[in-house]
Structure formats: structure tokens, C-alpha cells
2 protein chains.
Amino acid sequence: MALIRNIHETEMNEVQMDGVSGASMAIMVGRGDDAPNFALRSFEVVAGGHTPQHQHDYEHEVYVVSGSGQVLLDGKRHPIKGGDVIYVPANEEHQFTVDADSTESLRFLCVVPVEQNCGGLVPGS
Amino acid sequence: MALIRNIHETEMNEVQMDGVSGASMAIMVGRGDDAPNFALRSFEVVAGGHTPQHQHDYEHEVYVVSGSGQVLLDGKRHPIKGGDVIYVPANEEHQFTVDADSTESLRFLCVVPVEQNCGGLVPGS
């Protein structure tokens with residue numbers, strides 16, 4: 001069903017996962033909305049927080065809404081800012097981090113396929 | 001390959017398509033980047049402009065970056081603003097429009113599957 005939802009008006013839930021600190025997430029469009037191919041999630045990482053340093057067999061397409069931080073990609077930490085689009089291919093190690101002295105949270109969107117390449121459902125889609 | 005590109009620093013091309021006025025687009029991540037499942041495109045629609053009023057057999061997941069306008073969905077025009085996420089299911093008629101007296105362009109991201117349900121390649125992916 002068609003829908004319109006605002007990321008600033010949608011409740012986010014803390015991400016409970018090993019290696020995660022100070023990150024929350026809301027599924028904006030996902031399996032629960034009958035999205036057939038990909039899910040769009042909204043994330044917030046507070047100052048000093050980070051997503052897990054990991055890799056998996058599906059890709060991310062990320063858009064940085066606001067704030068700043070770093071992304072681990074190709075074995076290096078790269079600064080990121082609002083307006084950046086980041087492509088994380090499958091099986092690429094990655095992590096989003098925010099400096100402890102940042103005055104603003106990092107807000108980003110992360111699109112994932114609904115199904116993994118092996119045929120299973122992508123967590124958080 | 002992993003990449004980081006900013007939507008404000010990426011050249012956009014005018015959308016040449018029947019029923020389109022004042023719209024430009026850049027593929028931020030797509031088939032050309034070996035994205036296997038979905039493509040993330042950046043759009044700008046100027047005051048008085050619009051995307052085509054149409055439908056197709058694949059879905060859109062849209063994020064409004066800035067500006068304001070309307071989206072046709074469920075047969076009605078709905079106001080849209082920064083932070084809105086819009087899900088346009090497959091085969092749902094839709095159009096994005098911007099008021100002629102708007103002081104700002106509408107900027108949005110639109111994610112599409114790389115392949116149509118019938119197995120063909122999605123245009124602009």
C-alpha cells in the first residue's frame with residue numbers, strides 16, 4: 001500500500017546487536033509494508049556511537065541526511081557528511097562511527113535488499 | 001566497488017521523457033556501479049515542474065531531501081516535505097509536482113529495482 005512517513009516523526013528503536021553503541025533505527029519501508037525488493041531504514045548514531053564493524057553477503061546503499069562521521073570502507077576511515085551517498089558492496093567490511101566530541105548525531109538512510117543472495121530474509125528489512 | 005559521492009557535487013542531466021517538465025536526475029548508484037539489486041537516483045524538480053503522471057510494474061521508494069511539492073498517490077495530491085519517505089507500489093499511478101510559485105526546487109532520492117518484475121532492466125537504473 002502506498003504510504004508517506006517522515007523520518008523525523010517516526011519512532012526509532014535502539015539497535016540491540018553485538019558491536020553497536022548509541023545507534024537507533026526505524027524501518028521506513030520494509031517487508032511489513034509488502035515492499036517486494038528492498039527496504040529503506042532510517043538510522044541515528046549519537047556522538048561517540050558506532051554501528052558494528054562487519055560484513056555480510058548483501059549490499060548497502062546509504063544516504064547521509066545530516067551530521068557527520070566516518071565510514072570504514074576499503075580498509076580506511078573516510079569522513080562523511082550530509083548529501084553523501086555511499087555504496088557498500090556485498091562482503092565489504094564497513095562501519096559507521098561518530099566522533100565523541102560531535103555536536104550532532106549522524107542521521108542516515110540505509111537501503112538493503114529484502115532477500116539475501118542465499119535466499120534468506122535480510123535482518124532489519 | 002565501494003564509493004562515496006555527494007548529491008550536491010554530482011552533475012545532473014535533464015530528464016528527457018514525455019510528460020516531464022523541469023526535472024533533472026543523476027544516478028548515484030546503479031547498474032554502472034555493479035549494484036546488483038537496486039539503484040539510487042537523485043532528482044531535482046524546479047518550481048512549476050513535474051515528473052510524468054504514470055505507472056509501471058516496479059516500485060519506488062522515495063526520500064524527500066529538501067523543498068516541497070505534491071505527490072499523486074491513491075488518486076489524490078498529497079503535500080510532501082523534507083524528511084518524507086514515500087512508498088509507491090508497483091502499478092500505482094504517481095506524479096511529483098512543484099508549485100509554480102515555489103521559492104525552492106524539490107530535491108528527492110528515488111530507489112528502484114535494477115530489474116523489472118518481467119525480467120527487463122528498469123530504465124534509469
# chains A, B, ... in the order shown; residues from 1 in each chain; ligands from 1
>>> closest_atom_pairs(of="region 1-72 of chain A", to="region 33-46 of chain B", cutoff="10 Å", atoms="only C-alpha atoms", output="JSON lines")
{"residue": "A:Asn37", "atom": "CA", "partner": "B:Asn37", "partner_atom": "CA", "distance": 7.8}
{"residue": "A:Phe38", "atom": "CA", "partner": "B:Phe38", "partner_atom": "CA", "distance": 7.4}
{"residue": "A:Tyr58", "atom": "CA", "partner": "B:Pro36", "partner_atom": "CA", "distance": 9.2}
{"residue": "A:Glu59", "atom": "CA", "partner": "B:Ala35", "partner_atom": "CA", "distance": 8.0}
{"residue": "A:His60", "atom": "CA", "partner": "B:Ala35", "partner_atom": "CA", "distance": 9.5}
{"residue": "A:Glu61", "atom": "CA", "partner": "B:Leu40", "partner_atom": "CA", "distance": 7.3}
{"residue": "A:Val62", "atom": "CA", "partner": "B:Leu40", "partner_atom": "CA", "distance": 9.0}
{"residue": "A:Tyr63", "atom": "CA", "partner": "B:Leu40", "partner_atom": "CA", "distance": 9.2}
>>> interface_residues(of="chain A", to="chain B", cutoff="6 Å", atoms="only C-alpha atoms", output="ChimeraX atom specification")
/A:2-7,83-89
>>> atom_distance(atom1="CA of Gln53 (chain A)", atom2="CA of Asp18 (chain A)")
9.7 Å
>>> residues_around(residues="region 98-103 of chain A", least_positions_apart="5", cutoff="6 Å", atoms="only C-alpha atoms", output="number ranges by chain")
A: 47-49, 69
>>> write_last_selection(atoms="C-alpha atoms", output="PDB file, in the first residue's frame")
ATOM      1  CA  ALA A  47      28.241  11.267  19.403  1.00  0.00           C
ATOM      2  CA  GLY A  48      30.730   8.531  20.296  1.00  0.00           C
ATOM      3  CA  GLY A  49      28.485   5.825  18.873  1.00  0.00           C
ATOM      4  CA  GLY A  69      31.146  10.937  10.997  1.00  0.00           C
TER       5      GLY A  69
END
>>> residues_around(residues="Val15 (chain B)", least_positions_apart="6", cutoff="12 Å", atoms="only C-alpha atoms", output="PyMOL selection string")
chain B and resi 21-27+42-45+49-52+123-124
>>> select_by_dssp(residues="chain B", states="helix (DSSP H, G or I)", output="number ranges by chain")
B: 7-9, 31-33
>>> write_last_selection(atoms="all heavy atoms", output="PDB file, in the first residue's frame")
ATOM      1  N   ILE B   7      25.399  14.207  -3.457  1.00  0.00           N
ATOM      2  CA  ILE B   7      24.351  14.592  -4.429  1.00  0.00           C
ATOM      3  C   ILE B   7      24.496  16.045  -4.862  1.00  0.00           C
ATOM      4  O   ILE B   7      24.035  16.413  -5.932  1.00  0.00           O
ATOM      5  CB  ILE B   7      22.924  14.345  -3.895  1.00  0.00           C
ATOM      6  CG1 ILE B   7      22.594  15.219  -2.691  1.00  0.00           C
ATOM      7  CG2 ILE B   7      22.706  12.881  -3.560  1.00  0.00           C
ATOM      8  CD1 ILE B   7      21.095  15.253  -2.363  1.00  0.00           C
ATOM      9  N   HIS B   8      25.124  16.879  -4.003  1.00  0.00           N
ATOM     10  CA  HIS B   8      25.265  18.295  -4.343  1.00  0.00           C
ATOM     11  C   HIS B   8      26.500  18.555  -5.202  1.00  0.00           C
ATOM     12  O   HIS B   8      26.712  19.673  -5.655  1.00  0.00           O
ATOM     13  CB  HIS B   8      25.321  19.139  -3.062  1.00  0.00           C
ATOM     14  CG  HIS B   8      24.127  18.936  -2.186  1.00  0.00           C
ATOM     15  ND1 HIS B   8      22.845  19.271  -2.562  1.00  0.00           N
ATOM     16  CD2 HIS B   8      24.009  18.382  -0.947  1.00  0.00           C
ATOM     17  CE1 HIS B   8      21.990  18.960  -1.591  1.00  0.00           C
ATOM     18  NE2 HIS B   8      22.675  18.408  -0.601  1.00  0.00           N
ATOM     19  N   GLU B   9      27.301  17.528  -5.399  1.00  0.00           N
ATOM     20  CA  GLU B   9      28.538  17.677  -6.179  1.00  0.00           C
ATOM     21  C   GLU B   9      28.527  16.768  -7.398  1.00  0.00           C
ATOM     22  O   GLU B   9      29.572  16.525  -8.006  1.00  0.00           O
ATOM     23  CB  GLU B   9      29.740  17.347  -5.274  1.00  0.00           C
ATOM     24  CG  GLU B   9      29.869  18.293  -4.078  1.00  0.00           C
ATOM     25  CD  GLU B   9      30.702  17.724  -2.936  1.00  0.00           C
ATOM     26  OE1 GLU B   9      31.309  16.656  -3.107  1.00  0.00           O
ATOM     27  OE2 GLU B   9      30.723  18.358  -1.850  1.00  0.00           O
ATOM     28  N   ARG B  31      23.362   0.402 -12.107  1.00  0.00           N
ATOM     29  CA  ARG B  31      23.921  -0.740 -12.843  1.00  0.00           C
ATOM     30  C   ARG B  31      25.376  -0.488 -13.228  1.00  0.00           C
ATOM     31  O   ARG B  31      26.196  -1.400 -13.213  1.00  0.00           O
ATOM     32  CB  ARG B  31      23.115  -0.989 -14.128  1.00  0.00           C
ATOM     33  CG  ARG B  31      21.694  -1.409 -13.899  1.00  0.00           C
ATOM     34  CD  ARG B  31      21.117  -2.069 -15.160  1.00  0.00           C
ATOM     35  NE  ARG B  31      21.116  -1.243 -16.344  1.00  0.00           N
ATOM     36  CZ  ARG B  31      20.096  -0.499 -16.760  1.00  0.00           C
ATOM     37  NH1 ARG B  31      18.980  -0.463 -16.059  1.00  0.00           N
ATOM     38  NH2 ARG B  31      20.181   0.193 -17.867  1.00  0.00           N
ATOM     39  N   GLY B  32      25.672   0.766 -13.561  1.00  0.00           N
ATOM     40  CA  GLY B  32      27.043   1.124 -13.955  1.00  0.00           C
ATOM     41  C   GLY B  32      28.046   0.954 -12.831  1.00  0.00           C
ATOM     42  O   GLY B  32      29.257   0.918 -13.065  1.00  0.00           O
ATOM     43  N   ASP B  33      27.542   0.871 -11.605  1.00  0.00           N
ATOM     44  CA  ASP B  33      28.408   0.646 -10.434  1.00  0.00           C
ATOM     45  C   ASP B  33      28.331  -0.806  -9.968  1.00  0.00           C
ATOM     46  O   ASP B  33      28.766  -1.130  -8.874  1.00  0.00           O
ATOM     47  CB  ASP B  33      27.984   1.577  -9.291  1.00  0.00           C
ATOM     48  CG  ASP B  33      27.965   3.028  -9.736  1.00  0.00           C
ATOM     49  OD1 ASP B  33      29.027   3.538 -10.110  1.00  0.00           O
ATOM     50  OD2 ASP B  33      26.878   3.644  -9.736  1.00  0.00           O
TER      51      ASP B  33
END
>>> decode(residues="region 48-61 of chain B", atoms="all heavy atoms", output="compact mmCIF listing (two decimals), in the first residue's frame")
# COMPACT_ATOMS: atom_id res chain seq x y z
N GLY B 48 7.22 24.86 -10.70
CA GLY B 48 6.37 24.70 -11.87
C GLY B 48 6.62 23.42 -12.64
O GLY B 48 5.91 23.13 -13.61
N GLY B 49 7.60 22.64 -12.21
CA GLY B 49 7.95 21.41 -12.94
C GLY B 49 7.23 20.19 -12.40
O GLY B 49 6.54 20.24 -11.37
N HIS B 50 7.39 19.10 -13.11
CA HIS B 50 6.76 17.84 -12.68
C HIS B 50 7.41 16.65 -13.36
O HIS B 50 7.97 16.76 -14.45
CB HIS B 50 5.26 17.85 -13.00
CG HIS B 50 4.92 18.14 -14.43
ND1 HIS B 50 4.98 17.19 -15.41
CD2 HIS B 50 4.58 19.30 -15.04
CE1 HIS B 50 4.66 17.74 -16.57
NE2 HIS B 50 4.42 19.02 -16.39
N THR B 51 7.30 15.52 -12.69
CA THR B 51 7.67 14.23 -13.29
C THR B 51 6.43 13.71 -14.04
O THR B 51 5.35 14.28 -13.93
CB THR B 51 8.10 13.24 -12.17
OG1 THR B 51 6.99 12.99 -11.32
CG2 THR B 51 9.27 13.81 -11.35
N PRO B 52 6.58 12.64 -14.81
CA PRO B 52 5.42 12.16 -15.58
C PRO B 52 4.33 11.58 -14.67
O PRO B 52 4.64 10.99 -13.64
CB PRO B 52 6.01 11.07 -16.48
CG PRO B 52 7.24 10.61 -15.78
CD PRO B 52 7.79 11.81 -15.06
N GLN B 53 3.08 11.74 -15.08
CA GLN B 53 1.99 11.05 -14.40
C GLN B 53 1.86 9.69 -15.06
O GLN B 53 1.39 9.59 -16.20
CB GLN B 53 0.69 11.87 -14.53
CG GLN B 53 -0.48 11.21 -13.79
CD GLN B 53 -1.70 12.12 -13.70
OE1 GLN B 53 -1.59 13.34 -13.77
NE2 GLN B 53 -2.86 11.51 -13.54
N HIS B 54 2.31 8.68 -14.35
CA HIS B 54 2.37 7.36 -14.99
C HIS B 54 2.37 6.25 -13.94
O HIS B 54 2.32 6.50 -12.74
CB HIS B 54 3.59 7.25 -15.91
CG HIS B 54 4.93 7.26 -15.20
ND1 HIS B 54 6.11 7.02 -15.85
CD2 HIS B 54 5.27 7.48 -13.89
CE1 HIS B 54 7.11 7.09 -14.99
NE2 HIS B 54 6.63 7.36 -13.81
N GLN B 55 2.43 5.03 -14.43
CA GLN B 55 2.58 3.87 -13.56
C GLN B 55 3.43 2.85 -14.30
O GLN B 55 3.59 2.93 -15.52
CB GLN B 55 1.21 3.28 -13.20
CG GLN B 55 0.40 2.85 -14.41
CD GLN B 55 -1.00 2.42 -14.01
OE1 GLN B 55 -1.64 3.02 -13.16
NE2 GLN B 55 -1.49 1.37 -14.66
N HIS B 56 3.99 1.91 -13.57
CA HIS B 56 4.84 0.89 -14.17
C HIS B 56 4.89 -0.31 -13.22
O HIS B 56 4.43 -0.21 -12.07
CB HIS B 56 6.23 1.44 -14.48
CG HIS B 56 6.75 2.41 -13.45
ND1 HIS B 56 7.00 2.03 -12.16
CD2 HIS B 56 7.02 3.74 -13.51
CE1 HIS B 56 7.42 3.08 -11.47
NE2 HIS B 56 7.44 4.14 -12.26
N ASP B 57 5.47 -1.40 -13.70
CA ASP B 57 5.38 -2.66 -12.94
C ASP B 57 6.52 -2.83 -11.93
O ASP B 57 6.88 -3.96 -11.59
CB ASP B 57 5.31 -3.86 -13.90
CG ASP B 57 6.61 -4.09 -14.65
OD1 ASP B 57 7.52 -3.23 -14.56
OD2 ASP B 57 6.71 -5.13 -15.33
N TYR B 58 7.07 -1.73 -11.44
CA TYR B 58 8.07 -1.80 -10.36
C TYR B 58 7.81 -0.65 -9.40
O TYR B 58 7.18 0.34 -9.76
CB TYR B 58 9.50 -1.76 -10.91
CG TYR B 58 9.79 -0.60 -11.82
CD1 TYR B 58 10.27 0.61 -11.30
CD2 TYR B 58 9.57 -0.68 -13.18
CE1 TYR B 58 10.53 1.69 -12.13
CE2 TYR B 58 9.81 0.41 -14.01
CZ TYR B 58 10.29 1.58 -13.48
OH TYR B 58 10.52 2.66 -14.30
N GLU B 59 8.30 -0.81 -8.20
CA GLU B 59 8.01 0.15 -7.14
C GLU B 59 9.04 1.27 -7.06
O GLU B 59 10.15 1.14 -7.58
CB GLU B 59 7.95 -0.59 -5.78
CG GLU B 59 9.31 -1.00 -5.21
CD GLU B 59 9.85 -2.30 -5.78
OE1 GLU B 59 9.47 -2.70 -6.89
OE2 GLU B 59 10.69 -2.91 -5.08
N HIS B 60 8.70 2.34 -6.33
CA HIS B 60 9.63 3.40 -5.95
C HIS B 60 9.68 3.47 -4.43
O HIS B 60 8.64 3.35 -3.76
CB HIS B 60 9.16 4.78 -6.42
CG HIS B 60 9.27 5.03 -7.89
ND1 HIS B 60 10.31 4.61 -8.66
CD2 HIS B 60 8.46 5.73 -8.73
CE1 HIS B 60 10.14 5.02 -9.90
NE2 HIS B 60 9.02 5.69 -9.98
N GLU B 61 10.88 3.72 -3.89
CA GLU B 61 11.00 4.17 -2.51
C GLU B 61 11.73 5.50 -2.57
O GLU B 61 12.85 5.58 -3.09
CB GLU B 61 11.72 3.13 -1.63
CG GLU B 61 10.88 1.85 -1.53
CD GLU B 61 11.49 0.77 -0.65
OE1 GLU B 61 12.40 1.07 0.15
OE2 GLU B 61 11.05 -0.39 -0.77
